[in-house]
Amino acid sequence: MFGMIPCEKGPIPGEYQCIERIRLEMSRKTRLIVDGKTYELPLVTGTEGEKAIDISSLRSQSGLITLDVGFANTGSCKSSITYMDGEKGILRYRGIPIEQLAERSTFVETAYLLINGELPTRKQLNNFSVLLNDHSLVHEDMRQFFENFPRGAHPMGILSSMVNALRAFYPEIPEISEEEEINVTVTRLLSKVRTMAAMSYKISRGHKVVYPRHDLTYAANFLNMMFDSPVRPYRIEEEYVDALNVFWILHADHEQNCSTAAVRLVGSARVNLYAAISAGICALWGPLHGGANQAVIEMLMVIEENGGDVTPFIERAKDKKDPFRLMGFGHRVYKTYDPRAKIMKKVCDRLLKKMKISDPLLDIARKLEEVALKDSYFKDHDLYPNVDFYTGIVLRALGIPLNMFTVMFAIGRLPGWISQWKESMDDPAWRLQRPRQIYVGNGKRDYVPIDKRR
């Protein structure tokens with residue numbers, strides 16, 4: 001049992017008068033008592049024991065709604081896709097720990113798992129890979145769209161627009177079933193978004209577009225489309241492909257984050273999958289979400305420009321009066337070490353050892369990590385390096401240009417968005433999402449003619 005007692009200031013300084021008492025009694029059924037009236041609300045328990053109060057009937061019963069700015073305490077759906085525990089540092093896709101998938105799986109296999117609910121058999125995986133290959137080419141007319149964007153346009157804005165445009169180039173196929181239509185749309189998105197990303201990079205540099213090859217895997221194909229050229233053929237290194245596979249696996253889904261919530265919200269209006277994914281891309285674009293890995297490299301650049309010494313920046317980050325923040329440290333949900341960061345750190349170390357590259361930004365990153373992990377302030381405030389810290393370093397080492405970092409995130413998150421959209425479409429409890437609000441503006445007032453206004 002616990003109570004929430006809203007109070008207002010009394011006539012004596014320091015004294016408060018309670019104006020309403022609300023009590024929640026937790027049992028098989030939850031009772032909400034407001035001003036002596038009792039309302040029963042269901043108590044929902046998840047697979048891992050997490051509990052939630054189902055308030056979907058609260059307004060119809062009592063006229064009350066709840067207020068939760070940022071939705072940090074509000075569940076928007078029941079989902080069987082991804083489980084995460086921020087306090088314990090747990091992340092699982094369809095019940096399988098992320099550590100096992102990163103070590104043993106490929107991105108294509110993980111995408112199949114997320115979208116279909118189970119790991120594929122060898123035959124299913126081969127069929128899925130063939131479908132991805134068959135749909136990897138982009139309609140040649142779309143190339144004109146790419147070429148007509150301003151050269152300074154951000155790749156995320158271009159990608160969002162082009163994904164939305166895919167519906168016009170690939171309308172519904174009336175002679176096949178709805179399930180077959182969804183399967184075709186899913187494979188189109190997974191395959192063509194990768195191709196479009198590489199194509200946009202090549203066109204932005206004025207280079208010849210490299211088309212996908214049937215003999216290369218998903219990740220290897222992307223690297224080849226990005227970096228192969230007639231004058232310098234790209235050498236595909238196994239370690240590079242493995243690093244990219246792990247990067248995409250770690251980003252494939254992450255519960256009800258900002259972009260996933262956007263996909264579900266837009267999808268609740270029963271729009272087509274392309275439009276819902278386009279909304280997710282726009283949400284991911286923000287520096288507080290998908291743009292964080294880019295912000296890490298930009299921060300390292302600032303440190304380099306100021307002499308390369310990380311100590312003053314560490315001290316600035318610890319100063320509450322200083323607006324400066326270390327990008328790539330801490331997480332909204334994880335209150336311990338981000339499990340994805342542990343995996344990506346190992347990938348980062350292996351890759352840098354293999355490449356033997358000399359990069360002052362990478363040296364600064366390693367020093368920053370070393371100092372921060374030893375500093376008690378960062379430990380006490382749960383400010384561990386997160387996945388964005390290491391992925392920024394890995395993408396830079398692979399040669400991915402800075403403005404493409406968030407696009408790389410979007411390619412990885414596609415399976416999660418698609419699986420979340422599919423789940424919401426099949427949900428028998430589906431409703432058009434329409435949040436409420438508490439109005440705090442002016443009360444009713446009369447219109448004042450323009451000549452009488454002051």
# chains A, B, ... in the order shown; residues from 1 in each chain; ligands from 1

call {"tool": "residues_around", "arguments": {"residues": "Lys342 of chain A", "least_positions_apart": "6", "cutoff": "12 Å", "atoms": "only C-alpha atoms", "output": "JSON list (two decimals) with N, CA and C atoms, in the first residue's frame"}}
result
[["chain", "number", "residue", "atom", "x", "y", "z"],
["A", 89, "GLY", "N", 20.97, -4.48, -16.46],
["A", 89, "GLY", "CA", 21.74, -4.50, -17.70],
["A", 89, "GLY", "C", 21.42, -5.70, -18.57],
["A", 90, "ILE", "N", 20.13, -5.99, -18.73],
["A", 90, "ILE", "CA", 19.69, -7.14, -19.53],
["A", 90, "ILE", "C", 19.01, -6.66, -20.81],
["A", 98, "ILE", "N", 21.21, -10.79, -25.84],
["A", 98, "ILE", "CA", 21.91, -10.07, -26.89],
["A", 98, "ILE", "C", 23.36, -10.55, -27.01],
["A", 99, "GLU", "N", 23.94, -11.01, -25.90],
["A", 99, "GLU", "CA", 25.33, -11.49, -25.92],
["A", 99, "GLU", "C", 25.46, -12.71, -26.84],
["A", 102, "ALA", "N", 25.01, -11.59, -30.60],
["A", 102, "ALA", "CA", 26.18, -10.87, -31.11],
["A", 102, "ALA", "C", 27.34, -11.82, -31.39],
["A", 246, "VAL", "N", 27.74, -7.09, -35.97],
["A", 246, "VAL", "CA", 27.48, -6.90, -34.54],
["A", 246, "VAL", "C", 26.86, -5.53, -34.28],
["A", 250, "LEU", "N", 23.18, -5.19, -32.47],
["A", 250, "LEU", "CA", 23.00, -4.47, -31.20],
["A", 250, "LEU", "C", 21.98, -3.35, -31.31],
["A", 336, "THR", "N", 23.24, 0.75, -15.07],
["A", 336, "THR", "CA", 24.49, 0.03, -14.93],
["A", 336, "THR", "C", 25.14, 0.03, -16.30],
["A", 348, "CYS", "N", 35.35, -3.19, -30.84],
["A", 348, "CYS", "CA", 36.18, -2.01, -31.09],
["A", 348, "CYS", "C", 37.65, -2.33, -30.89],
["A", 349, "ASP", "N", 37.97, -3.02, -29.79],
["A", 349, "ASP", "CA", 39.37, -3.36, -29.50],
["A", 349, "ASP", "C", 39.94, -4.29, -30.56],
["A", 384, "TYR", "N", 28.56, 5.25, -17.19],
["A", 384, "TYR", "CA", 29.46, 4.35, -17.89],
["A", 384, "TYR", "C", 29.42, 4.66, -19.39],
["A", 385, "PRO", "N", 30.48, 4.32, -20.12],
["A", 385, "PRO", "CA", 30.41, 4.48, -21.58],
["A", 385, "PRO", "C", 29.25, 3.65, -22.13],
["A", 386, "ASN", "N", 28.41, 4.25, -22.97],
["A", 386, "ASN", "CA", 27.30, 3.50, -23.54],
["A", 386, "ASN", "C", 27.64, 3.03, -24.95],
["A", 387, "VAL", "N", 26.69, 2.38, -25.59],
["A", 387, "VAL", "CA", 26.95, 1.79, -26.91],
["A", 387, "VAL", "C", 27.34, 2.85, -27.94],
["A", 388, "ASP", "N", 26.79, 4.07, -27.80],
["A", 388, "ASP", "CA", 27.10, 5.13, -28.77],
["A", 388, "ASP", "C", 28.57, 5.52, -28.73],
["A", 389, "PHE", "N", 29.18, 5.43, -27.56],
["A", 389, "PHE", "CA", 30.59, 5.79, -27.44],
["A", 389, "PHE", "C", 31.45, 4.88, -28.32],
["A", 390, "TYR", "N", 31.22, 3.58, -28.22],
["A", 390, "TYR", "CA", 32.05, 2.64, -28.98],
["A", 390, "TYR", "C", 31.64, 2.52, -30.45],
["A", 391, "THR", "N", 30.34, 2.66, -30.73],
["A", 391, "THR", "CA", 29.94, 2.56, -32.14],
["A", 391, "THR", "C", 30.45, 3.74, -32.95]]

call {"tool": "residues_around", "arguments": {"residues": "Lys29 of chain A", "least_positions_apart": "3", "cutoff": "8 Å", "atoms": "only C-alpha atoms", "output": "ChimeraX atom specification"}}
result
/A:26,40-43

call {"tool": "write_last_selection", "arguments": {"atoms": "C-alpha atoms", "output": "mmCIF file, in the first residue's frame"}}
result
data_model
loop_
_atom_site.group_PDB
_atom_site.id
_atom_site.type_symbol
_atom_site.label_atom_id
_atom_site.label_comp_id
_atom_site.auth_asym_id
_atom_site.auth_seq_id
_atom_site.Cartn_x
_atom_site.Cartn_y
_atom_site.Cartn_z
ATOM 1 C CA MET A 26 -1.896 -3.474 -4.605
ATOM 2 C CA GLU A 40 -10.946 -1.147 -9.426
ATOM 3 C CA LEU A 41 -8.197 -1.405 -12.035
ATOM 4 C CA PRO A 42 -6.558 -4.596 -13.360
ATOM 5 C CA LEU A 43 -2.995 -5.421 -12.338
#

call {"tool": "closest_atom_pairs", "arguments": {"of": "segment 43-143 of chain A", "to": "segment 310-333 of chain A", "cutoff": "10 Å", "atoms": "only C-alpha atoms", "output": "JSON lines"}}
result
{"residue": "A:Ala72", "atom": "CA", "partner": "A:Val333", "partner_atom": "CA", "distance": 9.2}
{"residue": "A:Met84", "atom": "CA", "partner": "A:Val333", "partner_atom": "CA", "distance": 9.0}
{"residue": "A:Asp85", "atom": "CA", "partner": "A:Val333", "partner_atom": "CA", "distance": 8.1}
{"residue": "A:Gly86", "atom": "CA", "partner": "A:Val333", "partner_atom": "CA", "distance": 5.1}
{"residue": "A:Glu87", "atom": "CA", "partner": "A:Val333", "partner_atom": "CA", "distance": 7.9}
{"residue": "A:Gly89", "atom": "CA", "partner": "A:Val333", "partner_atom": "CA", "distance": 9.2}

call {"tool": "write_last_selection", "arguments": {"atoms": "all heavy atoms", "output": "PDB file, in the first residue's frame"}}
result
ATOM      1  N   ALA A  72       7.874   8.132 -19.035  1.00  0.00           N
ATOM      2  CA  ALA A  72       8.876   7.267 -18.407  1.00  0.00           C
ATOM      3  C   ALA A  72       8.244   6.200 -17.524  1.00  0.00           C
ATOM      4  O   ALA A  72       8.873   5.187 -17.220  1.00  0.00           O
ATOM      5  CB  ALA A  72       9.844   8.110 -17.581  1.00  0.00           C
ATOM      6  N   MET A  84      14.062  -5.709 -21.782  1.00  0.00           N
ATOM      7  CA  MET A  84      15.241  -5.055 -21.237  1.00  0.00           C
ATOM      8  C   MET A  84      15.007  -4.689 -19.778  1.00  0.00           C
ATOM      9  O   MET A  84      13.887  -4.369 -19.372  1.00  0.00           O
ATOM     10  CB  MET A  84      15.629  -3.822 -22.052  1.00  0.00           C
ATOM     11  CG  MET A  84      14.595  -2.731 -22.112  1.00  0.00           C
ATOM     12  SD  MET A  84      15.119  -1.329 -23.122  1.00  0.00           S
ATOM     13  CE  MET A  84      16.564  -0.776 -22.221  1.00  0.00           C
ATOM     14  N   ASP A  85      16.077  -4.791 -18.990  1.00  0.00           N
ATOM     15  CA  ASP A  85      16.051  -4.404 -17.589  1.00  0.00           C
ATOM     16  C   ASP A  85      17.219  -3.446 -17.378  1.00  0.00           C
ATOM     17  O   ASP A  85      18.378  -3.865 -17.391  1.00  0.00           O
ATOM     18  CB  ASP A  85      16.181  -5.636 -16.693  1.00  0.00           C
ATOM     19  CG  ASP A  85      16.029  -5.313 -15.205  1.00  0.00           C
ATOM     20  OD1 ASP A  85      16.555  -4.257 -14.769  1.00  0.00           O
ATOM     21  OD2 ASP A  85      15.420  -6.096 -14.473  1.00  0.00           O
ATOM     22  N   GLY A  86      16.916  -2.175 -17.210  1.00  0.00           N
ATOM     23  CA  GLY A  86      17.951  -1.159 -17.103  1.00  0.00           C
ATOM     24  C   GLY A  86      18.774  -1.249 -15.841  1.00  0.00           C
ATOM     25  O   GLY A  86      19.948  -0.881 -15.828  1.00  0.00           O
ATOM     26  N   GLU A  87      18.164  -1.748 -14.762  1.00  0.00           N
ATOM     27  CA  GLU A  87      18.884  -1.855 -13.500  1.00  0.00           C
ATOM     28  C   GLU A  87      19.874  -3.019 -13.513  1.00  0.00           C
ATOM     29  O   GLU A  87      20.950  -2.944 -12.920  1.00  0.00           O
ATOM     30  CB  GLU A  87      17.901  -2.040 -12.334  1.00  0.00           C
ATOM     31  CG  GLU A  87      17.201  -0.764 -11.890  1.00  0.00           C
ATOM     32  CD  GLU A  87      16.224  -0.221 -12.922  1.00  0.00           C
ATOM     33  OE1 GLU A  87      15.550  -1.037 -13.582  1.00  0.00           O
ATOM     34  OE2 GLU A  87      16.152   1.020 -13.086  1.00  0.00           O
ATOM     35  N   GLY A  89      20.975  -4.477 -16.462  1.00  0.00           N
ATOM     36  CA  GLY A  89      21.742  -4.500 -17.700  1.00  0.00           C
ATOM     37  C   GLY A  89      21.420  -5.698 -18.570  1.00  0.00           C
ATOM     38  O   GLY A  89      22.317  -6.358 -19.105  1.00  0.00           O
TER      39      GLY A  89
END

call {"tool": "closest_residue", "arguments": {"among": "A:Tyr218, A:Trp285, A:Tyr274, A:Arg143", "to": "Leu166 of chain A", "atoms": "only C-alpha atoms"}}
result
A:Tyr274

call {"tool": "closest_residue", "arguments": {"among": "A:Pro360, A:Gly416, A:Gly117, A:Gly280", "to": "Ile393 of chain A", "atoms": "only C-alpha atoms"}}
result
A:Pro360

call {"tool": "residues_around", "arguments": {"residues": "Arg205 of chain A", "least_positions_apart": "5", "cutoff": "12 Å", "atoms": "only C-alpha atoms", "output": "list of chain:residue names"}}
result
A:Phe146, A:Glu147, A:Arg151, A:Gly152, A:Ala198, A:Met199, A:Ser200, A:Met226, A:Phe227, A:Ser229, A:Pro401

call {"tool": "select_by_dssp", "arguments": {"residues": "segment 294-447 of chain A", "states": "helix (DSSP H, G or I)", "output": "PyMOL selection string"}}
result
chain A and resi 294-305+311-318+339-355+360-374+376-380+387-398+402-426

call {"tool": "closest_residue", "arguments": {"among": "A:Gly441, A:Pro171, A:Gly75, A:Gly286", "to": "Ala261 of chain A", "atoms": "only C-alpha atoms"}}
result
A:Gly75

call {"tool": "residues_around", "arguments": {"residues": "Asn127 of chain A", "least_positions_apart": "6", "cutoff": "12 Å", "atoms": "only C-alpha atoms", "output": "list of chain:residue names"}}
result
A:Val108, A:Glu109, A:Tyr112, A:Pro120, A:Thr121, A:Asn133, A:Asp134, A:Asn183, A:Thr187

call {"tool": "decode", "arguments": {"residues": "segment 317-355 of chain A", "atoms": "N, CA and C atoms", "output": "compact mmCIF listing (two decimals), in the first residue's frame"}}
result
# COMPACT_ATOMS: atom_id res chain seq x y z
N ALA A 317 32.48 18.16 -17.14
CA ALA A 317 31.33 17.26 -17.10
C ALA A 317 30.84 17.04 -15.67
N LYS A 318 31.74 17.15 -14.71
CA LYS A 318 31.40 16.95 -13.30
C LYS A 318 30.84 18.22 -12.65
N ASP A 319 30.97 19.35 -13.33
CA ASP A 319 30.49 20.62 -12.80
C ASP A 319 29.03 20.82 -13.19
N LYS A 320 28.14 20.79 -12.22
CA LYS A 320 26.71 20.91 -12.49
C LYS A 320 26.33 22.26 -13.10
N LYS A 321 27.16 23.28 -12.87
CA LYS A 321 26.87 24.60 -13.41
C LYS A 321 27.30 24.75 -14.86
N ASP A 322 28.10 23.81 -15.34
CA ASP A 322 28.60 23.86 -16.71
C ASP A 322 27.67 23.05 -17.61
N PRO A 323 27.15 23.62 -18.69
CA PRO A 323 26.22 22.89 -19.57
C PRO A 323 26.89 21.77 -20.37
N PHE A 324 28.21 21.72 -20.37
CA PHE A 324 28.92 20.70 -21.15
C PHE A 324 28.61 19.30 -20.61
N ARG A 325 28.39 18.35 -21.53
CA ARG A 325 28.16 16.96 -21.16
C ARG A 325 29.05 16.07 -22.02
N LEU A 326 29.54 15.01 -21.40
CA LEU A 326 30.32 14.03 -22.16
C LEU A 326 29.35 13.15 -22.94
N MET A 327 29.41 13.22 -24.26
CA MET A 327 28.54 12.41 -25.10
C MET A 327 29.04 10.97 -25.10
N GLY A 328 28.09 10.03 -25.06
CA GLY A 328 28.46 8.62 -25.06
C GLY A 328 28.62 8.03 -23.68
N PHE A 329 28.20 8.78 -22.65
CA PHE A 329 28.27 8.28 -21.28
C PHE A 329 26.90 8.36 -20.63
N GLY A 330 26.52 7.29 -19.91
CA GLY A 330 25.22 7.25 -19.28
C GLY A 330 24.13 6.87 -20.28
N HIS A 331 22.94 6.53 -19.74
CA HIS A 331 21.83 6.12 -20.60
C HIS A 331 20.52 6.40 -19.88
N ARG A 332 19.49 6.71 -20.66
CA ARG A 332 18.17 7.03 -20.10
C ARG A 332 17.59 5.85 -19.30
N VAL A 333 17.84 4.63 -19.78
CA VAL A 333 17.24 3.45 -19.15
C VAL A 333 18.24 2.65 -18.33
N TYR A 334 19.45 2.43 -18.87
CA TYR A 334 20.43 1.62 -18.16
C TYR A 334 21.05 2.38 -16.99
N LYS A 335 20.94 1.79 -15.80
CA LYS A 335 21.55 2.37 -14.60
C LYS A 335 22.79 1.60 -14.20
N THR A 336 23.24 0.75 -15.07
CA THR A 336 24.49 0.03 -14.93
C THR A 336 25.14 0.03 -16.30
N TYR A 337 26.16 -0.78 -16.50
CA TYR A 337 26.86 -0.79 -17.78
C TYR A 337 25.93 -1.28 -18.88
N ASP A 338 25.78 -0.51 -19.94
CA ASP A 338 24.97 -0.88 -21.09
C ASP A 338 25.49 -2.21 -21.64
N PRO A 339 24.66 -3.27 -21.67
CA PRO A 339 25.16 -4.57 -22.14
C PRO A 339 25.67 -4.53 -23.58
N ARG A 340 25.10 -3.64 -24.38
CA ARG A 340 25.57 -3.50 -25.77
C ARG A 340 26.95 -2.87 -25.81
N ALA A 341 27.23 -1.98 -24.84
CA ALA A 341 28.54 -1.31 -24.81
C ALA A 341 29.65 -2.31 -24.50
N LYS A 342 29.38 -3.29 -23.61
CA LYS A 342 30.37 -4.31 -23.29
C LYS A 342 30.77 -5.08 -24.55
N ILE A 343 29.76 -5.43 -25.34
CA ILE A 343 30.01 -6.19 -26.57
C ILE A 343 30.75 -5.33 -27.58
N MET A 344 30.30 -4.08 -27.73
CA MET A 344 30.89 -3.21 -28.75
C MET A 344 32.31 -2.82 -28.38
N LYS A 345 32.62 -2.76 -27.10
CA LYS A 345 34.00 -2.46 -26.68
C LYS A 345 34.95 -3.55 -27.17
N LYS A 346 34.53 -4.81 -27.03
CA LYS A 346 35.36 -5.93 -27.51
C LYS A 346 35.55 -5.87 -29.02
N VAL A 347 34.47 -5.57 -29.73
CA VAL A 347 34.55 -5.44 -31.19
C VAL A 347 35.48 -4.30 -31.56
N CYS A 348 35.35 -3.19 -30.84
CA CYS A 348 36.18 -2.01 -31.09
C CYS A 348 37.65 -2.33 -30.89
N ASP A 349 37.97 -3.02 -29.79
CA ASP A 349 39.37 -3.36 -29.50
C ASP A 349 39.94 -4.29 -30.56
N ARG A 350 39.15 -5.30 -30.98
CA ARG A 350 39.62 -6.24 -32.01
C ARG A 350 39.84 -5.53 -33.34
N LEU A 351 38.91 -4.67 -33.69
CA LEU A 351 38.98 -3.99 -34.98
C LEU A 351 40.18 -3.05 -35.05
N LEU A 352 40.39 -2.27 -34.01
CA LEU A 352 41.51 -1.32 -34.01
C LEU A 352 42.85 -2.05 -34.02
N LYS A 353 42.90 -3.19 -33.34
CA LYS A 353 44.13 -3.99 -33.35
C LYS A 353 44.41 -4.54 -34.74
N LYS A 354 43.36 -4.98 -35.43
CA LYS A 354 43.50 -5.52 -36.77
C LYS A 354 43.91 -4.44 -37.76
N MET A 355 43.29 -3.26 -37.66
CA MET A 355 43.51 -2.20 -38.65
C MET A 355 44.83 -1.47 -38.46
